[in-house]
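Shown here: target02.cif, mmCIF, C-alpha atoms.
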data_data
#
loop_
_atom_site.group_PDB
_atom_site.id
_atom_site.type_symbol
_atom_site.label_atom_id
_atom_site.label_comp_id
_atom_site.auth_asym_id
_atom_site.auth_seq_id
_atom_site.Cartn_x
_atom_site.Cartn_y
_atom_site.Cartn_z
ATOM 1 C CA MET A 1055 91.395 130.240 300.546
ATOM 2 C CA ALA A 1056 94.412 130.898 298.332
ATOM 3 C CA LEU A 1057 93.889 131.023 294.597
ATOM 4 C CA THR A 1058 96.782 129.449 292.689
ATOM 5 C CA LYS A 1059 97.300 129.517 288.938
ATOM 6 C CA VAL A 1060 100.305 128.094 287.096
ATOM 7 C CA ILE A 1061 101.659 130.510 284.508
ATOM 8 C CA GLY A 1062 104.549 129.743 282.166
ATOM 9 C CA ARG A 1063 107.367 128.284 284.255
ATOM 10 C CA GLY A 1064 105.466 128.075 287.498
ATOM 11 C CA LEU A 1065 104.687 131.668 288.495
ATOM 12 C CA GLY A 1066 101.554 131.486 290.590
ATOM 13 C CA VAL A 1067 98.849 133.768 291.906
ATOM 14 C CA GLN A 1068 98.021 132.841 295.474
ATOM 15 C CA GLY A 1069 97.238 134.395 298.839
ATOM 16 C CA ASP A 1070 99.953 136.166 300.789
ATOM 17 C CA THR A 1071 103.491 135.398 299.585
ATOM 18 C CA ALA A 1072 106.372 134.711 301.945
ATOM 19 C CA ALA A 1073 110.135 135.175 302.243
ATOM 20 C CA GLY A 1074 111.912 132.576 300.174
ATOM 21 C CA ASP A 1075 109.301 132.361 297.414
ATOM 22 C CA ASN A 1076 111.316 132.034 294.210
ATOM 23 C CA ALA A 1077 108.679 133.787 292.117
ATOM 24 C CA ALA A 1078 105.123 134.473 293.143
ATOM 25 C CA ILE A 1079 102.258 136.837 292.600
ATOM 26 C CA GLY A 1080 99.913 137.103 295.527
ATOM 27 C CA PHE A 1081 97.375 139.361 297.121
ATOM 28 C CA THR A 1082 95.821 140.255 300.445
ATOM 29 C CA SER A 1083 92.871 142.455 301.252
ATOM 30 C CA ALA A 1084 95.186 144.896 303.067
ATOM 31 C CA GLU A 1085 98.215 144.942 300.744
ATOM 32 C CA GLY A 1086 96.547 144.324 297.405
ATOM 33 C CA LEU A 1087 98.725 142.787 294.677
ATOM 34 C CA ILE A 1088 102.052 141.402 295.911
ATOM 35 C CA LEU A 1089 104.985 140.537 293.624
ATOM 36 C CA THR A 1090 107.683 138.423 295.277
ATOM 37 C CA GLY A 1091 110.938 137.153 293.828
ATOM 38 C CA GLN A 1092 114.275 135.760 294.950
ATOM 39 C CA GLY A 1093 117.515 135.992 292.991
ATOM 40 C CA SER A 1094 121.230 136.078 293.689
ATOM 41 C CA THR A 1095 121.555 139.751 292.643
ATOM 42 C CA SER A 1096 118.013 141.090 292.447
ATOM 43 C CA ASP A 1097 114.754 139.860 293.895
ATOM 44 C CA ILE A 1098 112.711 141.679 291.242
ATOM 45 C CA THR A 1099 113.799 142.970 287.823
ATOM 46 C CA VAL A 1100 111.481 144.991 285.582
ATOM 47 C CA LYS A 1101 112.453 145.196 281.893
ATOM 48 C CA ASN A 1102 110.985 146.888 278.852
ATOM 49 C CA ASP A 1103 110.222 145.254 275.505
ATOM 50 C CA ALA A 1104 113.804 145.923 274.343
ATOM 51 C CA ASP A 1105 115.061 143.716 277.216
ATOM 52 C CA ALA A 1106 116.612 146.761 278.940
ATOM 53 C CA THR A 1107 116.360 146.961 282.726
ATOM 54 C CA VAL A 1108 113.936 149.625 283.934
ATOM 55 C CA PHE A 1109 114.624 149.034 287.632
ATOM 56 C CA THR A 1110 115.497 146.281 290.087
ATOM 57 C CA VAL A 1111 114.941 145.462 293.741
ATOM 58 C CA PRO A 1112 118.351 144.273 294.998
ATOM 59 C CA THR A 1113 118.280 140.940 296.821
ATOM 60 C CA GLY A 1114 117.084 141.139 300.414
ATOM 61 C CA THR A 1115 116.462 144.908 300.383
ATOM 62 C CA ASP A 1116 113.507 147.248 300.136
ATOM 63 C CA ASP A 1117 115.460 149.539 297.785
ATOM 64 C CA ILE A 1118 114.604 150.360 294.178
ATOM 65 C CA LEU A 1119 117.658 150.604 291.906
ATOM 66 C CA PHE A 1120 117.478 152.534 288.635
ATOM 67 C CA PRO A 1121 120.321 152.307 286.096
ATOM 68 C CA ASP A 1122 122.264 155.413 285.018
ATOM 69 C CA ASN A 1123 120.222 157.904 282.989
ATOM 70 C CA ALA A 1124 116.926 156.154 283.818
ATOM 71 C CA LYS A 1125 114.579 158.920 284.922
ATOM 72 C CA ILE A 1126 111.739 159.069 287.402
ATOM 73 C CA LEU A 1127 109.238 161.288 285.577
ATOM 74 C CA MET A 1128 106.362 163.112 287.242
ATOM 75 C CA GLY A 1129 103.658 165.322 285.821
ATOM 76 C CA ALA A 1130 101.598 165.154 282.641
ATOM 77 C CA GLY A 1131 104.470 166.600 280.628
ATOM 78 C CA SER A 1132 107.207 164.641 282.480
ATOM 79 C CA ASP A 1133 108.171 167.989 283.963
ATOM 80 C CA LEU A 1134 109.869 166.792 287.160
ATOM 81 C CA GLN A 1135 112.801 164.476 286.504
ATOM 82 C CA LEU A 1136 115.049 162.637 288.961
ATOM 83 C CA PHE A 1137 118.052 160.760 287.557
ATOM 84 C CA HIS A 1138 121.741 159.920 287.847
ATOM 85 C CA ASP A 1139 123.762 160.448 284.661
ATOM 86 C CA GLY A 1140 126.726 158.296 285.655
ATOM 87 C CA THR A 1141 128.561 161.216 287.283
ATOM 88 C CA ASN A 1142 126.030 163.626 288.744
ATOM 89 C CA SER A 1143 122.708 163.225 290.543
ATOM 90 C CA ASN A 1144 120.058 165.540 289.122
ATOM 91 C CA ILE A 1145 116.695 166.976 290.097
ATOM 92 C CA LYS A 1146 115.390 168.774 287.027
ATOM 93 C CA ASP A 1147 112.293 170.914 286.565
ATOM 94 C CA ALA A 1148 111.774 170.908 282.795
ATOM 95 C CA ALA A 1149 108.631 173.064 282.955
ATOM 96 C CA THR A 1150 108.186 176.834 283.150
ATOM 97 C CA GLY A 1151 107.279 176.884 286.859
ATOM 98 C CA SER A 1152 109.431 176.814 289.972
ATOM 99 C CA LEU A 1153 111.222 173.961 291.699
ATOM 100 C CA ASN A 1154 110.094 174.268 295.321
ATOM 101 C CA LEU A 1155 111.562 172.586 298.394
ATOM 102 C CA ILE A 1156 108.925 172.721 301.114
ATOM 103 C CA ALA A 1157 109.459 171.927 304.787
ATOM 104 C CA SER A 1158 107.548 172.757 307.962
ATOM 105 C CA THR A 1159 110.438 174.412 309.831
ATOM 106 C CA LYS A 1160 113.693 174.437 307.817
ATOM 107 C CA VAL A 1161 115.444 173.258 304.671
ATOM 108 C CA GLN A 1162 119.060 172.092 304.944
ATOM 109 C CA ILE A 1163 121.706 171.274 302.354
ATOM 110 C CA GLN A 1164 124.151 168.721 303.732
ATOM 111 C CA GLY A 1165 127.264 166.935 302.563
ATOM 112 C CA VAL A 1166 127.405 163.154 302.325
ATOM 113 C CA ASN A 1167 129.059 162.969 305.770
ATOM 114 C CA GLY A 1168 126.339 165.044 307.440
ATOM 115 C CA GLU A 1169 127.993 168.483 307.533
ATOM 116 C CA THR A 1170 125.509 171.311 306.997
ATOM 117 C CA MET A 1171 126.472 173.621 304.119
ATOM 118 C CA ALA A 1172 123.372 175.836 304.121
ATOM 119 C CA LYS A 1173 120.268 176.144 306.276
ATOM 120 C CA PHE A 1174 117.051 178.009 305.516
ATOM 121 C CA ASN A 1175 114.890 178.518 308.614
ATOM 122 C CA GLU A 1176 111.199 179.368 308.293
ATOM 123 C CA ASP A 1177 110.578 182.879 309.702
ATOM 124 C CA GLY A 1178 114.276 182.988 310.635
ATOM 125 C CA ALA A 1179 117.826 183.171 309.410
ATOM 126 C CA VAL A 1180 119.358 181.894 306.205
ATOM 127 C CA GLU A 1181 122.792 180.499 307.070
ATOM 128 C CA LEU A 1182 125.723 179.830 304.746
ATOM 129 C CA ARG A 1183 128.477 177.720 306.293
ATOM 130 C CA HIS A 1184 132.136 176.880 305.737
ATOM 131 C CA ASN A 1185 133.257 173.547 307.175
ATOM 132 C CA ASP A 1186 129.937 173.432 309.076
ATOM 133 C CA VAL A 1187 130.579 176.815 310.741
ATOM 134 C CA VAL A 1188 128.177 179.720 310.051
ATOM 135 C CA LYS A 1189 129.932 182.481 308.079
ATOM 136 C CA LEU A 1190 126.986 184.480 306.732
ATOM 137 C CA SER A 1191 123.588 184.761 308.365
ATOM 138 C CA THR A 1192 120.569 186.930 307.619
ATOM 139 C CA GLU A 1193 118.738 188.759 310.400
ATOM 140 C CA GLY A 1194 115.813 191.130 310.679
ATOM 141 C CA SER A 1195 117.950 194.216 310.070
ATOM 142 C CA GLY A 1196 120.256 192.818 307.371
ATOM 143 C CA ILE A 1197 123.073 190.288 307.365
ATOM 144 C CA GLN A 1198 125.881 189.190 309.668
ATOM 145 C CA ILE A 1199 129.355 188.241 308.448
ATOM 146 C CA LEU A 1200 130.809 185.942 311.087
ATOM 147 C CA GLY A 1201 134.368 184.935 311.872
ATOM 148 C CA ALA A 1202 135.611 182.723 314.660
ATOM 149 C CA THR A 1203 136.441 184.142 318.107
ATOM 150 C CA ASN A 1204 139.608 186.284 317.854
ATOM 151 C CA ASP A 1205 139.525 185.765 314.108
ATOM 152 C CA VAL A 1206 138.842 188.020 311.132
ATOM 153 C CA ALA A 1207 135.430 188.370 309.481
ATOM 154 C CA ARG A 1208 136.004 189.413 305.889
ATOM 155 C CA ILE A 1209 134.145 190.570 302.786
ATOM 156 C CA ALA A 1210 136.302 190.217 299.666
ATOM 157 C CA PHE A 1211 135.790 191.832 296.253
ATOM 158 C CA GLY A 1212 137.565 190.257 293.317
ATOM 159 C CA ASP A 1213 137.599 189.098 289.738
ATOM 160 C CA SER A 1214 138.680 186.005 287.847
ATOM 161 C CA ASP A 1215 142.365 186.869 288.342
ATOM 162 C CA ASP A 1216 142.278 187.806 292.037
ATOM 163 C CA VAL A 1217 139.437 186.914 294.391
ATOM 164 C CA ASP A 1218 140.712 189.240 297.128
ATOM 165 C CA ILE A 1219 141.768 192.398 295.292
ATOM 166 C CA GLY A 1220 139.498 194.580 297.458
ATOM 167 C CA PHE A 1221 138.293 193.848 300.977
ATOM 168 C CA ILE A 1222 136.569 195.001 304.150
ATOM 169 C CA SER A 1223 137.468 193.083 307.276
ATOM 170 C CA TYR A 1224 136.862 193.205 311.010
ATOM 171 C CA ASN A 1225 139.411 191.796 313.440
ATOM 172 C CA ASN A 1226 137.635 190.272 316.426
ATOM 173 C CA GLY A 1227 140.903 190.048 318.369
ATOM 174 C CA ASP A 1228 141.611 193.767 318.901
ATOM 175 C CA ASN A 1229 138.403 195.114 317.320
ATOM 176 C CA HIS A 1230 139.737 197.101 314.391
ATOM 177 C CA MET A 1231 138.285 197.413 310.893
ATOM 178 C CA GLN A 1232 140.301 197.453 307.671
ATOM 179 C CA PHE A 1233 139.530 198.705 304.166
ATOM 180 C CA GLY A 1234 141.759 197.612 301.284
ATOM 181 C CA THR A 1235 142.197 198.145 297.566
ATOM 182 C CA ASN A 1236 144.517 196.433 295.103
ATOM 183 C CA THR A 1237 145.183 193.721 297.743
ATOM 184 C CA THR A 1238 146.628 196.310 300.175
ATOM 185 C CA GLU A 1239 145.184 197.844 303.344
ATOM 186 C CA ARG A 1240 144.469 201.552 302.792
ATOM 187 C CA LEU A 1241 142.456 202.607 305.840
ATOM 188 C CA ARG A 1242 142.026 201.286 309.368
ATOM 189 C CA ILE A 1243 139.587 202.246 312.133
ATOM 190 C CA VAL A 1244 140.931 201.126 315.496
ATOM 191 C CA SER A 1245 138.837 200.086 318.488
ATOM 192 C CA GLY A 1246 139.013 203.563 320.063
ATOM 193 C CA GLY A 1247 137.612 205.198 316.925
ATOM 194 C CA ASN A 1248 140.792 206.729 315.478
ATOM 195 C CA VAL A 1249 141.121 206.546 311.705
ATOM 196 C CA LEU A 1250 144.505 205.575 310.248
ATOM 197 C CA VAL A 1251 145.020 206.321 306.567
ATOM 198 C CA GLY A 1252 147.939 204.700 304.785
ATOM 199 C CA THR A 1253 149.482 203.520 308.053
ATOM 200 C CA THR A 1254 148.959 201.153 310.946
ATOM 201 C CA ASN A 1255 150.899 203.313 313.394
ATOM 202 C CA GLN A 1256 148.498 204.368 316.160
ATOM 203 C CA SER A 1257 151.033 206.760 317.785
ATOM 204 C CA PRO A 1258 152.605 208.812 314.971
ATOM 205 C CA ALA A 1259 155.142 211.486 315.846
#

Target format structure tokens, applied to this file:
Amino acid sequence: MALTKVIGRGLGVQGDTAAGDNAAIGFTSAEGLILTGQGSTSDITVKNDADATVFTVPTGTDDILFPDNAKILMGAGSDLQLFHDGTNSNIKDAATGSLNLIASTKVQIQGVNGETMAKFNEDGAVELRHNDVVKLSTEGSGIQILGATNDVARIAFGDSDDVDIGFISYNNGDNHMQFGTNTTERLRIVSGGNVLVGTTNQSPA
């Protein structure tokens, strides 16, 4: 049997509530307390005593919408904070411990369109990507710097004025390695093992 009680402007406590209920509080033995609403913008709006919106459930969705700068706080000291400040989305650990991302096999950082920017594999490689292509990958013996087939894999050394003032590069097309300083190639090791210093001429007189 449903228990109904009129409160204020007709909000009632009853059994299970249904789609289309304008405003109802109900309960079931499985779901417990049920709050149902129906509005043109939001089905449910929760406000504080200053009449400011804490969060809403947009009409016809199962989403929860928090306004800008409203924080989801977790922990006795509100240490973990999730919020959007109007420009940036933030996950903040305000305590002295670590912010840990835990997954059973891998953790990925992706762009909004699904491109992978970084991947951290459990018991495996850490991959950094450019345009969803792996450019740096860790392995058991160190790291790999990867270029495309017949392309150049490059390590650049720079400063705020020039990001490529020094470099080490490997050309996967003809398999030679270059060493450069002050933006200029200074030494080359060709595929056969010959070392060229201050020149790229492999057949000097």

Need to verify the contact set: A:Leu1190, 6 Å, only C-alpha atoms, exclusion of same-chain residues closer than 3 positions in sequence. Can you return it as a ChimeraX atom specification? /A:1181-1182,1198-1200

For each of A:Val1161, A:Val1111, A:Val1206, A:Leu1087, take the minimum atom-to-atom distance to A:Asn1175, counting all atoms listed in the file, then give the residue where this is smallest.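 Under the stated criterion, the closest residue is A:Val1161.
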
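One finds atom CA of A:Leu1127 at 15.8 Å from atom CA of A:Gly1151.
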
Nearest-residue call for A:Glu1085, choices A:Asn1142, A:Asp1070, A:Gly1194, A:Asp1218, using only C-alpha atoms: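 Once distances to A:Glu1085 are computed over only C-alpha atoms, the minimum belongs to A:Asp1070.
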
Return the single residue from A:Pro1258, A:Thr1170, A:Ile1209, A:Phe1137 that is closest to A:Gly1234, with distances computed using only C-alpha atoms. A:Ile1209
